[in-house]
>>> print(open('run25.cif').read())   # mmCIF, C-alpha atoms
data_my_file
#
loop_
_atom_site.label_atom_id
_atom_site.label_comp_id
_atom_site.auth_asym_id
_atom_site.auth_seq_id
_atom_site.Cartn_x
_atom_site.Cartn_y
_atom_site.Cartn_z
CA MET J 1022 -1.43 -0.75 9.29
CA PHE J 1023 -0.22 -2.40 6.08
CA ASP J 1024 -1.68 -5.73 5.01
CA ASN J 1025 1.31 -7.54 3.52
CA GLY J 1026 -0.64 -10.62 2.44
CA LYS J 1027 0.52 -12.74 5.39
CA ASN J 1028 -0.13 -10.57 8.46
CA TYR J 1029 -0.44 -6.95 9.50
CA SER J 1030 2.64 -4.73 9.53
CA VAL J 1031 2.31 -1.95 12.09
CA VAL J 1032 4.66 0.70 10.64
CA PHE J 1033 5.47 4.08 12.18
CA SER J 1034 8.29 6.60 12.32
CA THR J 1035 10.05 8.55 15.06
CA SER J 1036 11.90 11.86 14.82
CA ASP J 1037 15.15 10.34 16.16
CA ASN J 1038 16.65 6.90 16.68
CA ALA J 1039 14.49 4.88 19.03
CA THR J 1040 13.50 1.36 19.92
CA ALA J 1041 9.83 0.56 19.60
CA TYR J 1042 7.09 -1.93 20.38
CA ILE J 1043 3.32 -2.29 20.36
CA GLU J 1044 1.05 -3.62 23.13
CA TYR J 1045 -2.43 -5.11 23.10
CA GLU J 1046 -4.45 -7.76 24.88
CA TYR J 1047 -5.39 -11.05 23.27
CA LEU J 1048 -7.26 -13.94 24.89
CA GLY J 1049 -6.88 -12.29 28.27
CA LYS J 1050 -3.09 -11.83 28.01
CA LYS J 1051 -1.06 -8.68 27.48
CA ILE J 1052 1.04 -9.02 24.31
CA ARG J 1053 4.14 -6.91 23.66
CA ILE J 1054 5.91 -7.19 20.29
CA TYR J 1055 9.18 -5.36 19.64
CA ASP J 1056 10.68 -4.11 16.44
CA GLU J 1057 13.68 -6.41 16.65
CA ASN J 1058 16.10 -8.46 14.60
CA ASN J 1059 17.13 -11.87 15.96
CA GLY J 1060 16.67 -10.75 19.54
CA ARG J 1061 18.20 -7.28 19.33
CA LYS J 1062 15.90 -4.29 19.44
CA LYS J 1063 16.33 -2.08 16.41
CA ALA J 1064 17.31 1.53 17.07
CA ASP J 1065 15.96 3.35 14.03
CA THR J 1066 13.55 6.02 12.82
CA ILE J 1067 11.21 3.66 10.92
CA HIS J 1068 9.71 0.82 12.93
CA THR J 1069 7.93 -2.32 11.76
CA VAL J 1070 6.09 -4.84 13.92
CA HIS J 1071 4.33 -7.92 12.51
CA VAL J 1072 1.07 -9.07 14.12
CA PRO J 1073 -1.16 -12.02 13.12
CA TYR J 1074 -4.44 -10.93 11.56
CA GLU J 1075 -6.61 -12.52 14.23
CA GLN J 1076 -4.79 -10.81 17.11
CA LEU J 1077 -5.47 -7.28 15.88
CA SER J 1078 -8.86 -7.79 14.25
CA GLY J 1079 -11.32 -5.62 16.15
CA ASN J 1080 -8.71 -5.09 18.86
CA THR J 1081 -7.16 -2.04 20.53
CA TYR J 1082 -3.41 -1.42 20.51
CA LYS J 1083 -0.83 1.17 21.57
CA VAL J 1084 2.52 2.14 20.07
CA PHE J 1085 5.57 2.83 22.29
CA SER J 1086 9.03 4.18 21.51
CA THR J 1087 12.15 4.83 23.61
CA HIS J 1088 14.72 7.40 22.54
CA ILE J 1089 18.20 5.91 22.09
CA ILE J 1090 20.98 8.34 22.96
CA ASP J 1091 23.96 5.95 22.62
CA GLU J 1092 24.06 2.41 21.24
CA LEU J 1093 27.36 0.81 22.27
CA SER J 1094 29.09 -2.56 22.41
CA TYR J 1095 28.97 -2.35 26.21
CA GLY J 1096 26.14 -0.39 27.77
CA GLY J 1097 24.47 2.57 26.14
CA ARG J 1098 22.02 5.30 27.10
CA SER J 1099 18.25 5.41 26.62
CA GLY J 1100 16.01 8.41 27.02
CA LYS J 1101 12.31 8.93 27.52
CA THR J 1102 9.65 6.39 26.51
CA ILE J 1103 6.52 7.80 24.93
CA GLU J 1104 3.27 6.04 24.02
CA SER J 1105 0.40 6.67 21.66
CA GLU J 1106 -3.25 6.83 22.52
CA ALA J 1107 -5.12 3.54 22.22
CA VAL J 1108 -6.19 2.81 18.64
CA LEU J 1109 -9.15 0.59 17.79
CA PHE J 1110 -8.38 -1.39 14.65
CA LYS J 1111 -11.49 -2.10 12.59
CA ASP J 1112 -11.12 -4.69 9.84
CA ASN J 1113 -14.42 -6.57 10.16
CA LEU J 1114 -15.64 -5.08 6.90
CA GLY J 1115 -18.25 -7.57 5.76
CA GLU J 1116 -19.95 -7.24 2.35
CA HIS J 1117 -20.66 -3.52 2.07
CA PHE J 1118 -17.92 -0.93 2.67
CA ASN J 1119 -15.94 1.87 1.03
CA ILE J 1120 -12.26 1.92 0.08
CA LEU J 1121 -10.31 5.12 -0.47
CA SER J 1122 -7.86 4.99 -3.39
CA VAL J 1123 -5.05 7.52 -3.88
CA SER J 1124 -2.12 7.51 -6.29
CA ASP J 1125 0.76 9.67 -7.51
CA TRP J 1126 0.79 12.36 -4.85
CA HIS J 1127 4.54 13.10 -5.36
CA THR J 1128 5.07 14.82 -1.95
CA HIS J 1129 1.77 16.74 -2.21
CA ASN J 1130 0.24 15.16 0.88
CA GLU J 1131 -1.96 18.15 1.68
CA LYS J 1132 -3.50 18.31 -1.79
CA ALA J 1133 -4.26 14.59 -1.63
CA LYS J 1134 -5.93 15.05 1.75
CA LYS J 1135 -7.96 17.97 0.40
CA ALA J 1136 -9.38 15.75 -2.35
CA VAL J 1137 -10.06 13.00 0.18
CA SER J 1138 -12.06 15.47 2.29
CA CYS J 1139 -14.52 15.74 -0.63
CA LEU J 1140 -15.30 12.01 -0.44
CA GLU J 1141 -17.55 10.02 1.87
CA ASP J 1142 -16.53 7.82 4.78
CA TYR J 1143 -14.24 4.89 4.02
CA GLN J 1144 -13.11 1.82 5.93
CA ALA J 1145 -9.88 0.84 4.11
CA VAL J 1146 -7.17 2.57 2.07
CA ILE J 1147 -5.40 1.76 -1.20
CA LEU J 1148 -2.09 3.54 -1.92
CA LEU J 1149 -1.05 3.12 -5.56
CA GLY J 1150 2.46 4.50 -5.29
CA ASP J 1151 4.63 7.43 -6.36
CA CYS J 1152 4.79 9.22 -3.03
CA ALA J 1153 7.96 11.18 -3.92
CA PRO J 1154 10.41 11.65 -6.83
CA GLY J 1155 12.51 8.79 -5.44
CA MET J 1156 13.66 6.95 -2.35
CA MET J 1157 17.07 8.54 -1.83
CA PHE J 1158 16.54 9.13 1.88
CA LYS J 1159 14.73 7.23 4.60
CA GLN J 1160 13.00 10.46 5.57
CA GLU J 1161 11.21 10.52 2.21
CA ALA J 1162 9.51 7.23 3.06
CA ALA J 1163 8.57 8.61 6.49
CA ASP J 1164 7.35 12.03 5.32
CA TYR J 1165 5.54 11.13 2.11
CA LEU J 1166 4.44 7.50 2.46
CA LEU J 1167 4.05 6.67 6.14
CA SER J 1168 2.80 10.13 7.04
CA LEU J 1169 0.05 10.10 4.41
CA ALA J 1170 -0.91 6.51 5.24
CA SER J 1171 -1.22 7.53 8.89
CA ASP J 1172 -3.21 10.69 8.14
CA LEU J 1173 -5.65 8.83 5.89
CA SER J 1174 -6.10 5.70 8.01
CA GLY J 1175 -5.35 6.81 11.56
CA GLY J 1176 -3.88 3.36 12.12
CA SER J 1177 -7.45 2.14 12.54
CA MET J 1178 -8.04 0.45 9.16
CA PRO J 1179 -6.16 -1.79 6.69
CA VAL J 1180 -3.89 -0.23 4.05
CA LEU J 1181 -2.92 -1.94 0.77
CA PHE J 1182 0.17 -0.59 -1.00
CA ALA J 1183 1.16 -1.06 -4.65
CA ARG J 1184 4.68 0.16 -5.45
CA GLY J 1185 5.00 2.96 -7.99
CA ASN J 1186 7.88 3.49 -10.39
CA HIS J 1187 9.26 6.34 -8.28
CA GLU J 1188 9.58 4.08 -5.24
CA THR J 1189 12.02 2.00 -7.29
CA ARG J 1190 14.64 4.76 -7.51
CA GLY J 1191 17.36 5.85 -5.10
CA ARG J 1192 19.51 4.12 -2.51
CA GLU J 1193 16.62 3.54 -0.07
CA ALA J 1194 14.43 1.87 -2.73
CA GLY J 1195 15.84 -1.55 -1.90
CA ASN J 1196 14.96 -1.07 1.79
CA LEU J 1197 11.33 -0.03 1.31
CA ALA J 1198 9.86 -3.54 1.40
CA GLY J 1199 11.58 -4.13 4.73
CA TYR J 1200 10.27 -0.87 6.16
CA LEU J 1201 6.72 -1.87 5.20
CA GLY J 1202 7.13 -5.44 6.44
CA MET J 1203 6.68 -6.97 2.99
CA GLU J 1204 8.53 -9.86 1.41
CA SER J 1205 7.71 -8.51 -2.04
CA PHE J 1206 5.46 -5.90 -3.61
CA TYR J 1207 3.18 -8.47 -5.25
CA TYR J 1208 0.82 -10.39 -3.00
CA THR J 1209 -2.82 -11.26 -2.38
CA ALA J 1210 -5.01 -9.93 0.41
CA SER J 1211 -8.64 -10.03 1.52
CA LEU J 1212 -10.77 -7.13 2.71
CA GLY J 1213 -14.15 -8.17 3.98
CA ALA J 1214 -15.79 -10.50 1.49
CA TYR J 1215 -13.49 -9.55 -1.39
CA ASN J 1216 -10.09 -10.60 -2.73
CA PHE J 1217 -7.33 -8.30 -3.96
CA ILE J 1218 -4.36 -9.10 -6.18
CA VAL J 1219 -1.62 -6.48 -5.70
CA LEU J 1220 0.92 -6.31 -8.53
CA ASP J 1221 4.31 -4.62 -8.89
CA SER J 1222 4.77 -2.94 -12.27
CA GLY J 1223 8.26 -1.77 -11.34
CA GLU J 1224 9.85 0.83 -13.60
CA ASP J 1225 8.41 2.38 -16.77
CA LYS J 1226 11.66 2.26 -18.75
CA LYS J 1227 14.07 -0.52 -19.67
CA ASP J 1228 16.65 -1.50 -17.09
CA SER J 1229 19.41 -0.15 -19.34
CA HIS J 1230 18.05 3.42 -19.17
CA SER J 1231 20.61 5.94 -17.94
CA GLU J 1232 18.31 7.10 -15.11
CA TYR J 1233 18.94 3.87 -13.22
CA GLY J 1234 22.73 3.96 -13.21
CA GLU J 1235 22.99 0.20 -13.86
CA MET J 1236 21.38 -0.45 -10.46
CA VAL J 1237 18.17 -2.25 -11.47
CA VAL J 1238 16.95 -5.59 -12.81
CA TYR J 1239 13.21 -4.92 -12.78
CA GLU J 1240 12.57 -7.02 -15.85
CA GLN J 1241 13.67 -10.09 -13.86
CA ASN J 1242 11.35 -9.03 -11.06
CA ARG J 1243 8.40 -8.73 -13.44
CA ILE J 1244 9.14 -12.19 -14.86
CA LYS J 1245 9.09 -13.62 -11.32
CA MET J 1246 5.87 -11.76 -10.58
CA VAL J 1247 4.10 -13.13 -13.67
CA ASP J 1248 5.33 -16.64 -12.82
CA TRP J 1249 3.84 -16.17 -9.33
CA LEU J 1250 0.61 -14.76 -10.78
CA ASN J 1251 0.24 -17.86 -12.94
CA THR J 1252 0.23 -20.03 -9.81
CA LEU J 1253 -2.89 -18.33 -8.40
CA GLU J 1254 -6.32 -19.91 -8.62
CA ASN J 1255 -9.85 -18.73 -7.97
CA THR J 1256 -11.69 -22.01 -7.72
CA ASP J 1257 -14.60 -20.56 -5.70
CA ASN J 1258 -15.06 -17.60 -8.09
CA ALA J 1259 -14.43 -15.07 -5.33
CA LYS J 1260 -15.14 -11.43 -6.17
CA THR J 1261 -11.71 -10.04 -7.02
CA ILE J 1262 -10.07 -6.67 -7.75
CA ALA J 1263 -6.52 -6.18 -9.04
CA LEU J 1264 -4.22 -3.26 -8.14
CA SER J 1265 -1.22 -2.08 -10.15
CA HIS J 1266 0.52 1.28 -10.31
CA ASP J 1267 0.68 1.04 -14.12
CA ARG J 1268 -2.41 -0.27 -15.91
CA ASN J 1269 -0.13 -2.10 -18.35
CA ILE J 1270 1.25 -4.05 -15.36
CA CYS J 1271 4.48 -4.91 -17.21
CA LEU J 1272 6.68 -2.87 -19.53
CA GLU J 1273 7.27 -5.92 -21.72
CA GLU J 1274 4.34 -6.56 -24.10
CA ASN J 1275 4.47 -10.34 -23.76
CA LEU J 1276 4.50 -10.19 -19.95
CA SER J 1277 1.74 -7.58 -19.94
CA GLU J 1278 -0.46 -9.73 -22.16
CA THR J 1279 0.19 -12.82 -20.03
CA ALA J 1280 -0.63 -10.92 -16.83
CA HIS J 1281 -3.89 -9.50 -18.19
CA ASP J 1282 -4.93 -12.90 -19.57
CA LYS J 1283 -4.28 -14.50 -16.18
CA LEU J 1284 -6.32 -11.82 -14.38
CA ASP J 1285 -9.13 -12.70 -16.77
CA THR J 1286 -8.97 -16.39 -15.82
CA LEU J 1287 -8.99 -15.33 -12.15
CA HIS J 1288 -12.32 -13.55 -12.78
CA VAL J 1289 -10.99 -10.10 -11.89
CA SER J 1290 -13.81 -7.56 -12.11
CA LEU J 1291 -11.77 -4.33 -11.97
CA LEU J 1292 -8.15 -3.18 -12.31
CA VAL J 1293 -7.32 -0.06 -10.28
CA SER J 1294 -4.19 1.81 -11.39
CA GLY J 1295 -2.49 5.20 -11.45
CA HIS J 1296 0.78 6.41 -13.04
CA SER J 1297 -0.53 8.56 -15.90
CA HIS J 1298 -1.80 11.48 -13.75
CA THR J 1299 -5.16 11.33 -15.49
CA SER J 1300 -8.61 10.42 -14.23
CA GLU J 1301 -10.04 7.79 -16.54
CA PHE J 1302 -12.51 4.92 -16.52
CA MET J 1303 -12.14 2.47 -19.38
CA ASP J 1304 -15.00 0.01 -19.75
CA SER J 1305 -12.72 -2.42 -21.53
CA ARG J 1306 -12.86 -6.18 -21.80
CA PRO J 1307 -12.43 -8.58 -20.13
CA PHE J 1308 -12.51 -6.17 -17.17
CA PRO J 1309 -12.74 -2.37 -16.81
CA VAL J 1310 -9.82 -0.21 -15.66
CA LEU J 1311 -9.84 2.78 -13.31
CA VAL J 1312 -6.90 5.17 -13.66
CA ASP J 1313 -6.96 6.96 -10.35
CA GLY J 1314 -5.96 10.54 -10.96
CA GLY J 1315 -3.27 11.87 -8.68
CA ILE J 1316 -1.53 15.25 -8.80
CA ASN J 1317 -2.59 17.61 -11.63
CA ALA J 1318 -5.15 15.08 -12.92
CA ALA J 1319 -7.83 17.79 -13.18
CA GLY J 1320 -5.49 20.63 -14.13
CA LYS J 1321 -2.34 22.11 -12.66
CA GLY J 1322 -2.39 22.33 -8.89
CA THR J 1323 -5.27 19.89 -8.44
CA TYR J 1324 -5.46 16.36 -7.10
CA VAL J 1325 -7.95 13.56 -7.83
CA ALA J 1326 -8.78 10.72 -5.41
CA SER J 1327 -11.36 7.95 -5.67
CA LEU J 1328 -13.87 6.16 -3.50
CA ILE J 1329 -14.60 2.53 -4.39
CA SER J 1330 -17.82 1.26 -2.81
CA LEU J 1331 -18.22 -2.51 -2.64
CA SER J 1332 -21.41 -4.50 -2.23
CA GLN J 1333 -22.41 -8.04 -3.15
CA ASP J 1334 -23.87 -7.10 -6.53
CA LYS J 1335 -21.71 -4.20 -7.75
CA ILE J 1336 -18.76 -1.81 -7.44
CA ASN J 1337 -19.47 1.92 -7.44
CA ILE J 1338 -16.60 4.27 -8.34
CA LYS J 1339 -16.54 7.99 -7.58
CA SER J 1340 -13.51 10.18 -8.33
CA VAL J 1341 -13.36 13.76 -7.07
CA SER J 1342 -10.79 16.55 -7.44
CA SER J 1343 -9.40 18.75 -4.68
CA ILE J 1344 -11.56 21.62 -6.03
CA GLY J 1345 -14.69 19.51 -5.56
CA GLU J 1346 -15.24 18.56 -9.21
CA GLU J 1347 -16.65 15.08 -9.82
CA MET J 1348 -14.45 13.40 -12.41
CA ILE J 1349 -15.84 9.84 -12.54
CA ASN J 1350 -19.07 8.22 -11.41
CA GLU J 1351 -19.35 4.65 -12.68
CA THR J 1352 -20.79 1.29 -11.70
CA VAL J 1353 -19.17 -2.10 -12.38
CA LEU J 1354 -20.97 -5.43 -11.96
CA TRP J 1355 -19.04 -8.30 -10.45
CA ARG J 1356 -18.21 -11.00 -12.95
#
>>> encode(input="run25.cif", output="structure tokens")
Amino acid sequence: MFDNGKNYSVVFSTSDNATAYIEYEYLGKKIRIYDENNGRKKADTIHTVHVPYEQLSGNTYKVFSTHIIDELSYGGRSGKTIESEAVLFKDNLGEHFNILSVSDWHTHNEKAKKAVSCLEDYQAVILLGDCAPGMMFKQEAADYLLSLASDLSGGSMPVLFARGNHETRGREAGNLAGYLGMESFYYTASLGAYNFIVLDSGEDKKDSHSEYGEMVVYEQNRIKMVDWLNTLENTDNAKTIALSHDRNICLEENLSETAHDKLDTLHVSLLVSGHSHTSEFMDSRPFPVLVDGGINAAGKGTYVASLISLSQDKINIKSVSSIGEEMINETVLWR
């Protein structure tokens, strides 16, 4: 259940081409929403359904899919329809709750889950990107991003996603936002009593680098993101956390400086990032930075994940490795 900043995107995958929909009740009526495009159901293996926040908040829903055997100009053949168990979606988080943060798992879903098992209960999930080496195939998004999101959240809690530099590579990279129901990878969202600014650091090398085969213009995207960031305001001094795969936010020094300065004026209290495969807490000014581990962050073969506990007076951060070693235990006061 991805929060895209405007509504919830219910995203799931099927093992073969299928049409799909979700069902729930709202204000005494049964609601069915299809994965469709301008009236035609989409036969695909990744399915995305948009639902207004208020219709799923505290509500129960089911997911359905119908196997498509043939999709023709005239007629076609459909197979069996299957349905999920009912899922209770819990997003009434209030002022005191825990958020799980994971980053840079690079196909190592099981190691990430092992580290998560060392942490306490959580009520929301942050995914900071780099699920696989690239996005060459749709199945990589299904196996390494959607699968982990599902395993960690059970479809019962909100998920925030910040794109990593490895989700920018490969022929499916340009389709990922659509799969996740997002207009862009930078947006704002609210969890409980707290605001989140999700940023898109894009690639970690210049667009001209040979790795990208002249297929990218991420510098332009970062310029647009910083322009958007500069339009944000925090007039009521809401308690705010920023998320970015790379703690520098932008490859370009001038854009990076502008972005960090703007986060300062927005009274951001913490920046949560990944990318470097290290577990670090930097009590820097104007706001501290958590670099959230990932694969090999506590030595080869390990994984480090973090639990961010929010309350009205402070943020507690605990990072633990998949071998049970506590890497970080810090407290941040809201600004």
>>> closest_residue(input="run25.cif", among="J:Tyr1208, J:Phe1217, J:Tyr1239, J:Trp1126", to="Leu1272 in chain J", atoms="only C-alpha atoms")
J:Tyr1239
>>> resolve_selection(input="run25.cif", expression="the PyMOL selection byres ((chain J and resi 1299) around 8)", output="PDB file with C-alpha atoms, in the coordinates of the input")
ATOM      1  CA  GLY J1295      -2.490   5.200 -11.450  1.00  0.00           C
ATOM      2  CA  SER J1297      -0.530   8.560 -15.900  1.00  0.00           C
ATOM      3  CA  HIS J1298      -1.800  11.480 -13.750  1.00  0.00           C
ATOM      4  CA  SER J1300      -8.610  10.420 -14.230  1.00  0.00           C
ATOM      5  CA  GLU J1301     -10.040   7.790 -16.540  1.00  0.00           C
ATOM      6  CA  VAL J1312      -6.900   5.170 -13.660  1.00  0.00           C
ATOM      7  CA  ASP J1313      -6.960   6.960 -10.350  1.00  0.00           C
ATOM      8  CA  GLY J1314      -5.960  10.540 -10.960  1.00  0.00           C
ATOM      9  CA  GLY J1315      -3.270  11.870  -8.680  1.00  0.00           C
ATOM     10  CA  ASN J1317      -2.590  17.610 -11.630  1.00  0.00           C
ATOM     11  CA  ALA J1318      -5.150  15.080 -12.920  1.00  0.00           C
ATOM     12  CA  ALA J1319      -7.830  17.790 -13.180  1.00  0.00           C
TER      13      ALA J1319
END
>>> residues_around(input="run25.cif", residues="Phe1302 in chain J", least_positions_apart="5", cutoff="10 Å", atoms="only C-alpha atoms", output="short mmCIF file (atom, residue, chain, number, x, y, z; two decimals) with C-alpha atoms, keeping the file's coordinate frame")
data_model
loop_
_atom_site.label_atom_id
_atom_site.label_comp_id
_atom_site.auth_asym_id
_atom_site.auth_seq_id
_atom_site.Cartn_x
_atom_site.Cartn_y
_atom_site.Cartn_z
CA VAL J 1293 -7.32 -0.06 -10.28
CA PRO J 1309 -12.74 -2.37 -16.81
CA VAL J 1310 -9.82 -0.21 -15.66
CA LEU J 1311 -9.84 2.78 -13.31
CA VAL J 1312 -6.90 5.17 -13.66
CA ASP J 1313 -6.96 6.96 -10.35
CA ILE J 1338 -16.60 4.27 -8.34
CA SER J 1340 -13.51 10.18 -8.33
CA MET J 1348 -14.45 13.40 -12.41
CA ILE J 1349 -15.84 9.84 -12.54
CA ASN J 1350 -19.07 8.22 -11.41
CA GLU J 1351 -19.35 4.65 -12.68
#
>>> closest_residue(input="run25.cif", among="J:Val1180, J:Val1108, J:Met1303, J:Ile1089", to="Leu1149 in chain J", atoms="only C-alpha atoms")
J:Val1180
>>> closest_residue(input="run25.cif", among="J:Thr1279, J:Lys1260, J:Asp1304, J:Ile1316", to="Asp1334 in chain J", atoms="all atoms listed in the file")
J:Lys1260
>>> closest_residue(input="run25.cif", among="J:Ala1259, J:Ala1064, J:Ile1120, J:Ile1270", to="Leu1148 in chain J", atoms="all atoms listed in the file")
J:Ile1120
>>> resolve_selection(input="run25.cif", expression="the PyMOL selection byres ((chain J and resi 1249) around 12)", output="PyMOL selection string")
chain J and resi 1205-1209+1218-1221+1242-1248+1250-1254+1279-1280+1283
>>> residues_around(input="run25.cif", residues="Ser1211 in chain J", least_positions_apart="6", cutoff="12 Å", atoms="all atoms listed in the file", output="VMD selection string")
chain J and resid 1024 to 1029 1074 1112 to 1116 1145 1179 to 1181 1217 to 1219 1259 to 1263
>>> resolve_selection(input="run25.cif", expression="the PyMOL selection byres ((chain J and resi 1188) around 9)", output="CSV table (one decimal) with C-alpha atoms, keeping the file's coordinate frame")
chain,number,residue,atom,x,y,z
J,1150,GLY,CA,2.5,4.5,-5.3
J,1151,ASP,CA,4.6,7.4,-6.4
J,1152,CYS,CA,4.8,9.2,-3.0
J,1153,ALA,CA,8.0,11.2,-3.9
J,1154,PRO,CA,10.4,11.6,-6.8
J,1155,GLY,CA,12.5,8.8,-5.4
J,1156,MET,CA,13.7,7.0,-2.4
J,1162,ALA,CA,9.5,7.2,3.1
J,1184,ARG,CA,4.7,0.2,-5.4
J,1185,GLY,CA,5.0,3.0,-8.0
J,1186,ASN,CA,7.9,3.5,-10.4
J,1187,HIS,CA,9.3,6.3,-8.3
J,1189,THR,CA,12.0,2.0,-7.3
J,1190,ARG,CA,14.6,4.8,-7.5
J,1191,GLY,CA,17.4,5.8,-5.1
J,1193,GLU,CA,16.6,3.5,-0.1
J,1194,ALA,CA,14.4,1.9,-2.7
J,1197,LEU,CA,11.3,0.0,1.3
J,1223,GLY,CA,8.3,-1.8,-11.3
J,1224,GLU,CA,9.8,0.8,-13.6
>>> atom_distance(input="run25.cif", atom1="CA of Asp1172 in chain J", atom2="CA of Asp1125 in chain J")
16.2 Å
>>> atom_distance(input="run25.cif", atom1="CA of Thr1256 in chain J", atom2="CA of Gln1076 in chain J")
28.1 Å
>>> build_atoms(input="run25.cif", residues="range 1136-1142 of chain J", atoms="all heavy atoms", output="short mmCIF file (atom, residue, chain, number, x, y, z; two decimals), in the coordinates of the input")
data_model
loop_
_atom_site.label_atom_id
_atom_site.label_comp_id
_atom_site.auth_asym_id
_atom_site.auth_seq_id
_atom_site.Cartn_x
_atom_site.Cartn_y
_atom_site.Cartn_z
N ALA J 1136 -8.47 16.50 -1.49
CA ALA J 1136 -9.38 15.75 -2.35
C ALA J 1136 -10.13 14.69 -1.56
O ALA J 1136 -11.34 14.49 -1.75
CB ALA J 1136 -8.61 15.10 -3.50
N VAL J 1137 -9.43 14.03 -0.65
CA VAL J 1137 -10.06 13.00 0.18
C VAL J 1137 -11.19 13.59 1.02
O VAL J 1137 -12.23 12.95 1.24
CB VAL J 1137 -9.01 12.32 1.08
CG1 VAL J 1137 -9.67 11.41 2.12
CG2 VAL J 1137 -8.03 11.50 0.23
N SER J 1138 -11.03 14.83 1.46
CA SER J 1138 -12.06 15.47 2.29
C SER J 1138 -13.36 15.68 1.53
O SER J 1138 -14.42 15.91 2.13
CB SER J 1138 -11.55 16.81 2.82
OG SER J 1138 -11.44 17.77 1.78
N CYS J 1139 -13.31 15.59 0.19
CA CYS J 1139 -14.52 15.74 -0.63
C CYS J 1139 -15.26 14.42 -0.80
O CYS J 1139 -16.34 14.39 -1.42
CB CYS J 1139 -14.16 16.29 -2.01
SG CYS J 1139 -13.38 17.92 -1.99
N LEU J 1140 -14.69 13.33 -0.29
CA LEU J 1140 -15.30 12.01 -0.44
C LEU J 1140 -15.98 11.57 0.84
O LEU J 1140 -15.79 12.16 1.91
CB LEU J 1140 -14.22 10.99 -0.85
CG LEU J 1140 -13.60 11.22 -2.22
CD1 LEU J 1140 -12.34 10.39 -2.40
CD2 LEU J 1140 -14.61 10.89 -3.33
N GLU J 1141 -16.79 10.52 0.73
CA GLU J 1141 -17.55 10.02 1.87
C GLU J 1141 -16.65 9.18 2.79
O GLU J 1141 -15.47 9.00 2.54
CB GLU J 1141 -18.73 9.18 1.37
CG GLU J 1141 -19.65 9.93 0.43
CD GLU J 1141 -20.54 8.98 -0.36
OE1 GLU J 1141 -20.74 7.84 0.08
OE2 GLU J 1141 -21.01 9.40 -1.44
N ASP J 1142 -17.26 8.67 3.85
CA ASP J 1142 -16.53 7.82 4.78
C ASP J 1142 -15.98 6.59 4.08
O ASP J 1142 -16.57 6.07 3.14
CB ASP J 1142 -17.45 7.38 5.92
CG ASP J 1142 -17.80 8.54 6.85
OD1 ASP J 1142 -17.07 9.54 6.84
OD2 ASP J 1142 -18.81 8.43 7.57
#
